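Only one structure is covered here, and it is reproduced in the block below.
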Amino acid sequence: MKHLLCAVCVGGLYLGACRPLQYTKTVLPTRAVASTTRTFDSGVTLRTPAHREDWPATEAPAVTAVPTLPASITTDKPAIDKPETFSMTVTPLISRSANYELELTADKFLQPLYLTHAADGSERLFVVEQGGVIWIVHDGKKHTPPFIDLSGQVGCCAPEQGLLGLAFHPNYSRNGYFFVHYSNRNGDTIVQRFVVSDDPNRAEPSSASIVLTHSQPYRNHNGGQISFGPDGYLYVGLGDGGLAGDPRDNGQNLLTWLGAILRVDVDNRQGYAVPPDNPFLSNDAAATEIWIYGLRNPWRFSFDRLTGDLYIGDVGQNDWEEIDFQAADSSGGENYGWSVMEGDHCYQMGCDSEAYEAPITEYHHSDGGCSVTGGYVYRGENLKGLQGVYVYGDYCSGLIWKLVQTAPGEWTSSLLIESGLRISSFGEDESGEVYVV
């Protein structure tokens with residue numbers, strides 16, 4: 001008996017329920033490619049080699065200046081150039097022992113790299129394309145026109161730039177607020193708020209309001225995830241700023257947002273406020289917005305919708321990919337080690353691994369992967385055997401693993417799927433079913 005994980009797929013992947021994937025030749029971008037899925041037992045072999053993400057700094061396209069960073073205040077709050085393309089030829093390698101298989105949910109997207117929902121009871125899926133367009137999918141059908149088209153303001157000319165994140169306000173059904181994280185045409189980070197229009201399937205582009213901005217020194221390691229935590233605050237992921245080896249030591253510098261996850265209060269008319277219990281409020285040598293730091297490029301993090309625990313996929317340098325963890329009762333301030341550590345291993349000579357938070361699991365590039373894609377703890381109803389299991393994958397190998405806590409502080413990771421796909425992201429719907437992009 002095969003079990004179906006939920007999924008969204010792209011690039012000409014067609015299949016029926018309870019059948020293995022049927023593959024066709026397709027064209028996909030070199031970075032942040034997507035296809036969404038349920039679960040799968042189909043593996044594929046690629047003829048095109050994987051690309052690392054340490055891209056050299058190049059001259060950014062000229063555009064208007066980045067809006068200035070709004071002044072932060074402390075308030076009380078109750079708890080609540082186009083990418084290159086390549087041709088991919090795949091050969092089905094059907095596993096006879098897998099318990100899950102891929103099911104197509106939707107396709108025909110251009111560089112999709114995220115999927116989420118609005119928690120408004122509509123059961124709609126929102127698919128983010130790197131070029132700046134957000135589409136609605138409902139009952140397997142893509143609505144036209146799109147929910148919003150930001151392609152005119154989104155920087156599109158580096159493989160790790162673009163429209164990278166989307167989050168709906170916890171009270172979206174009442175206030176209509178949603179937030180996007182993108183690279184502007186200077187390559188700098190923008191988090192912006194919009195409001196839905198009178199048509200629930202269309203946003204109002206003129207409602208744009210800047211939440212925060214940050215300059216980017218290079219064209220890679222931009223992070224991109226934004227997500228509301230169980231406390232009602234917005235968490236914003238930023239990479240170390242780019243190039244290889246963190247040349248500016250941003251990961252260990254508390255005076256920069258780079259290499260960190262921020263925690264901010266966005267229930268303000270403009271900009272943001274700093275939550276009163278952020279960990280570095282009394283530290284004059286730290287940015288008060290920082291929640292955790294020591295990250296290289298947190299490509300997707302998520303909160304367990306049941307426990308509130310935070311899981312982070314942090315992309316490695318040359319050797320190790322890692323999943324980091326923060327318990328729901330944490331008061332913040334954890335240092336996950338980059339660029340002193342890569343995974344649980346010294347990246348710099350003479351490091352003291354005990355001084356940093358170790359990952360809960362890691363894997364070496366010799367295992368075939370090269371870029372971790374963080375996922376979700378499964379809390380859906382369709383796959384009883386995955387209840388409470390964290391599902392994550394690798395962009396380059398297409399492998400998908402499950403991660404289980406077997407005892408306090410002890411975790412076991414095992415292979416779930418050999419998809420052969422370029423996994424750019426995972427997503428969740430309102431019911432907690434997990435999707436692969």
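By order of appearance in the structure tokens: chains A, B, ..., then residues from 1 within every chain, and ligands from 1 in the order shown.
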At most 8 Å is the cut-off: for each residue in stretch 225-287 of chain A with any atom that close to an atom of stretch 323-345 of chain A, write down the nearest atom pair and the distance in Å rounded to one decimal, counting only C-alpha atoms, chain first then increasing number, as JSON lines.
{"residue": "A:Gly245", "atom": "CA", "partner": "A:Ser339", "partner_atom": "CA", "distance": 6.8}
{"residue": "A:Asp246", "atom": "CA", "partner": "A:Ser339", "partner_atom": "CA", "distance": 6.4}
{"residue": "A:Asp249", "atom": "CA", "partner": "A:Ser339", "partner_atom": "CA", "distance": 6.9}
{"residue": "A:Gly251", "atom": "CA", "partner": "A:Trp338", "partner_atom": "CA", "distance": 5.5}
{"residue": "A:Gln252", "atom": "CA", "partner": "A:Trp338", "partner_atom": "CA", "distance": 6.9}
{"residue": "A:Asp277", "atom": "CA", "partner": "A:Ser331", "partner_atom": "CA", "distance": 7.7}
{"residue": "A:Asn278", "atom": "CA", "partner": "A:Gly332", "partner_atom": "CA", "distance": 7.0}
{"residue": "A:Pro279", "atom": "CA", "partner": "A:Gly333", "partner_atom": "CA", "distance": 5.4}
{"residue": "A:Phe280", "atom": "CA", "partner": "A:Gly333", "partner_atom": "CA", "distance": 7.2}
Please produce a file of those selected residues containing N, CA and C atoms, as a CSV table (one decimal), in the first residue's frame.
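Dumped to part.csv:
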chain,number,residue,atom,x,y,z
A,245,GLY,N,32.6,31.3,2.6
A,245,GLY,CA,33.4,31.3,3.8
A,245,GLY,C,33.1,32.5,4.7
A,246,ASP,N,32.0,33.3,4.4
A,246,ASP,CA,31.7,34.4,5.2
A,246,ASP,C,32.8,35.4,5.4
A,249,ASP,N,32.7,37.9,8.2
A,249,ASP,CA,32.4,37.3,9.5
A,249,ASP,C,31.0,37.8,10.1
A,251,GLY,N,28.3,36.1,10.3
A,251,GLY,CA,27.6,35.1,11.1
A,251,GLY,C,27.8,35.3,12.6
A,252,GLN,N,29.0,35.8,13.0
A,252,GLN,CA,29.3,35.9,14.4
A,252,GLN,C,29.2,37.4,14.8
A,277,ASP,N,10.7,41.1,24.8
A,277,ASP,CA,11.5,40.0,25.4
A,277,ASP,C,12.5,39.5,24.4
A,278,ASN,N,12.9,40.2,23.4
A,278,ASN,CA,14.0,39.8,22.5
A,278,ASN,C,15.2,39.7,23.3
A,279,PRO,N,16.1,38.8,22.9
A,279,PRO,CA,17.2,38.4,23.8
A,279,PRO,C,18.4,39.4,24.0
A,280,PHE,N,18.5,40.4,23.0
A,280,PHE,CA,19.6,41.3,23.1
A,280,PHE,C,19.3,42.7,23.3
At a cut-off of 8 Å, using only C-alpha atoms, what residues contact A:Phe178? Leave out same-chain residues fewer than 4 positions from it and give the result as a compact mmCIF listing (two decimals) with C-alpha atoms, in the first residue's frame.
# COMPACT_ATOMS: atom_id res chain seq x y z
CA LEU A 166 5.47 34.95 1.82
CA ALA A 167 3.63 34.98 5.14
CA PHE A 168 0.01 35.72 6.00
CA HIS A 169 -0.81 37.58 9.19
CA TYR A 172 -5.48 37.70 7.90
CA ARG A 193 3.31 44.42 3.77
CA PHE A 194 0.31 44.36 1.42
CA VAL A 195 -3.47 44.16 1.88
CA VAL A 196 -5.91 41.98 -0.02
May I have a table of the residues of stretch 372-428 of chain A lying at most 9 Å from stretch 350-365 of chain A, giving each one's closest pair of atoms and their distance in Å to one decimal, counting only C-alpha atoms, ordered by chain and ascending residue number, as CSV?
residue,atom,partner,partner_atom,distance
A:Leu403,CA,A:Thr361,CA,8.1
A:Gly409,CA,A:Ile360,CA,7.9
A:Glu410,CA,A:Ile360,CA,7.7
A:Trp411,CA,A:Ile360,CA,6.3
A:Thr412,CA,A:Thr361,CA,7.7
A:Ser413,CA,A:Thr361,CA,7.1
DSSP strand (DSSP E) residues within stretch 206-342 of chain A, listed as a PyMOL selection string: chain A and resi 206-214+226-228+234-238+260-264+273-274+290-293+298-303+310-314+320-326+341-342
Excluding A:Leu258 and any residue of its chain fewer than 4 positions from it, enumerate the residues within 8 Å of it, using only C-alpha atoms, and give them as a list in words.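 The residues that qualify are Leu238, Gly239, Asp240, Gly241, Asn250 and Gly251 of chain A.
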File of the preceding selection, all heavy atoms, as a short mmCIF file (atom, residue, chain, number, x, y, z; two decimals), in the first residue's frame:
data_model
loop_
_atom_site.label_atom_id
_atom_site.label_comp_id
_atom_site.auth_asym_id
_atom_site.auth_seq_id
_atom_site.Cartn_x
_atom_site.Cartn_y
_atom_site.Cartn_z
N LEU A 238 17.78 35.79 7.33
CA LEU A 238 18.77 36.41 6.46
C LEU A 238 20.04 35.58 6.47
O LEU A 238 20.50 35.14 7.53
CB LEU A 238 19.11 37.84 6.92
CG LEU A 238 17.97 38.86 6.82
CD1 LEU A 238 18.35 40.14 7.55
CD2 LEU A 238 17.66 39.16 5.37
N GLY A 239 20.62 35.37 5.28
CA GLY A 239 21.89 34.67 5.20
C GLY A 239 23.05 35.57 5.59
O GLY A 239 22.86 36.74 5.98
N ASP A 240 24.27 35.05 5.46
CA ASP A 240 25.45 35.79 5.92
C ASP A 240 25.90 36.88 4.97
O ASP A 240 26.90 37.55 5.21
CB ASP A 240 26.60 34.83 6.23
CG ASP A 240 27.15 34.11 4.99
OD1 ASP A 240 26.75 34.46 3.86
OD2 ASP A 240 27.97 33.19 5.16
N GLY A 241 25.20 37.07 3.86
CA GLY A 241 25.53 38.14 2.93
C GLY A 241 26.25 37.69 1.68
O GLY A 241 26.36 38.44 0.72
N ASN A 250 30.04 37.90 9.15
CA ASN A 250 28.71 38.36 9.55
C ASN A 250 28.00 37.38 10.48
O ASN A 250 27.21 37.79 11.33
CB ASN A 250 27.86 38.62 8.31
CG ASN A 250 28.32 39.83 7.53
OD1 ASN A 250 28.76 40.82 8.12
ND2 ASN A 250 28.24 39.77 6.22
N GLY A 251 28.27 36.08 10.29
CA GLY A 251 27.56 35.09 11.10
C GLY A 251 27.78 35.25 12.59
O GLY A 251 26.91 34.92 13.39
#
Record the distance separating atom CA of A:Gln317 and atom CA of A:Trp401, expressed in Å with one decimal.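 Computed distance, atom CA of A:Gln317 to atom CA of A:Trp401, equals 20.3 Å.
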Which residues come within 12 Å of stretch 204-207 of chain A, counting only C-alpha atoms, excluding same-chain residues fewer than 5 positions away, as a list in words?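 Neighbouring residues, sequence-local ones excluded: Val133, Pro146, Phe147, Ile148, Asp149, Leu150, Ser151, Gly152, Gln153, Gly176, Tyr177, Phe178, Phe179, Gln192, Arg193, Phe194, Val195, Val196, Ser197, Asp198, Asp199 and Gln270 of chain A.
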Which of A:Asp139, A:Asp231, A:Asp265, A:Glu160 sits closest to A:Thr307 [using only C-alpha atoms]: A:Asp231
Distance in Å - atom CA of A:Val266 versus atom CA of A:Phe303: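 One can read the atom CA of A:Val266 to atom CA of A:Phe303 distance as 18.2 Å.
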One decimal, Å: what's the distance from atom CA of A:His138 over to atom CA of A:Ser173, could you say? 17.2 Å
Give me every helix (DSSP H, G or I) residue in stretch 119-330 of chain A, going by DSSP on the backbone, as a list of chain:residue names.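 The helix (DSSP H, G or I) residues within stretch 119-330 of chain A come out as A:Tyr172, A:Ser173, A:Arg174, A:Asn175, A:Asn250, A:Gly251, A:Gln252.
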Using only C-alpha atoms, find each residue of stretch 341-388 of chain A with at least one atom at most 9 Å away from an atom of stretch 425-429 of chain A; report its shortest atom-to-atom pair and that distance in Å (one decimal), sort the rows by chain and rising residue number, and return the result as JSON lines.
{"residue": "A:Thr373", "atom": "CA", "partner": "A:Ser425", "partner_atom": "CA", "distance": 6.0}
{"residue": "A:Gly374", "atom": "CA", "partner": "A:Ser425", "partner_atom": "CA", "distance": 7.2}
{"residue": "A:Gly375", "atom": "CA", "partner": "A:Phe426", "partner_atom": "CA", "distance": 5.2}
{"residue": "A:Tyr376", "atom": "CA", "partner": "A:Phe426", "partner_atom": "CA", "distance": 7.2}
{"residue": "A:Tyr378", "atom": "CA", "partner": "A:Glu428", "partner_atom": "CA", "distance": 8.7}
{"residue": "A:Gly380", "atom": "CA", "partner": "A:Asp429", "partner_atom": "CA", "distance": 8.8}
Residues within 8 Å of A:Leu110, only C-alpha atoms, excluding chain neighbours under 6 positions, as a ChimeraX atom specification: /A:129-131
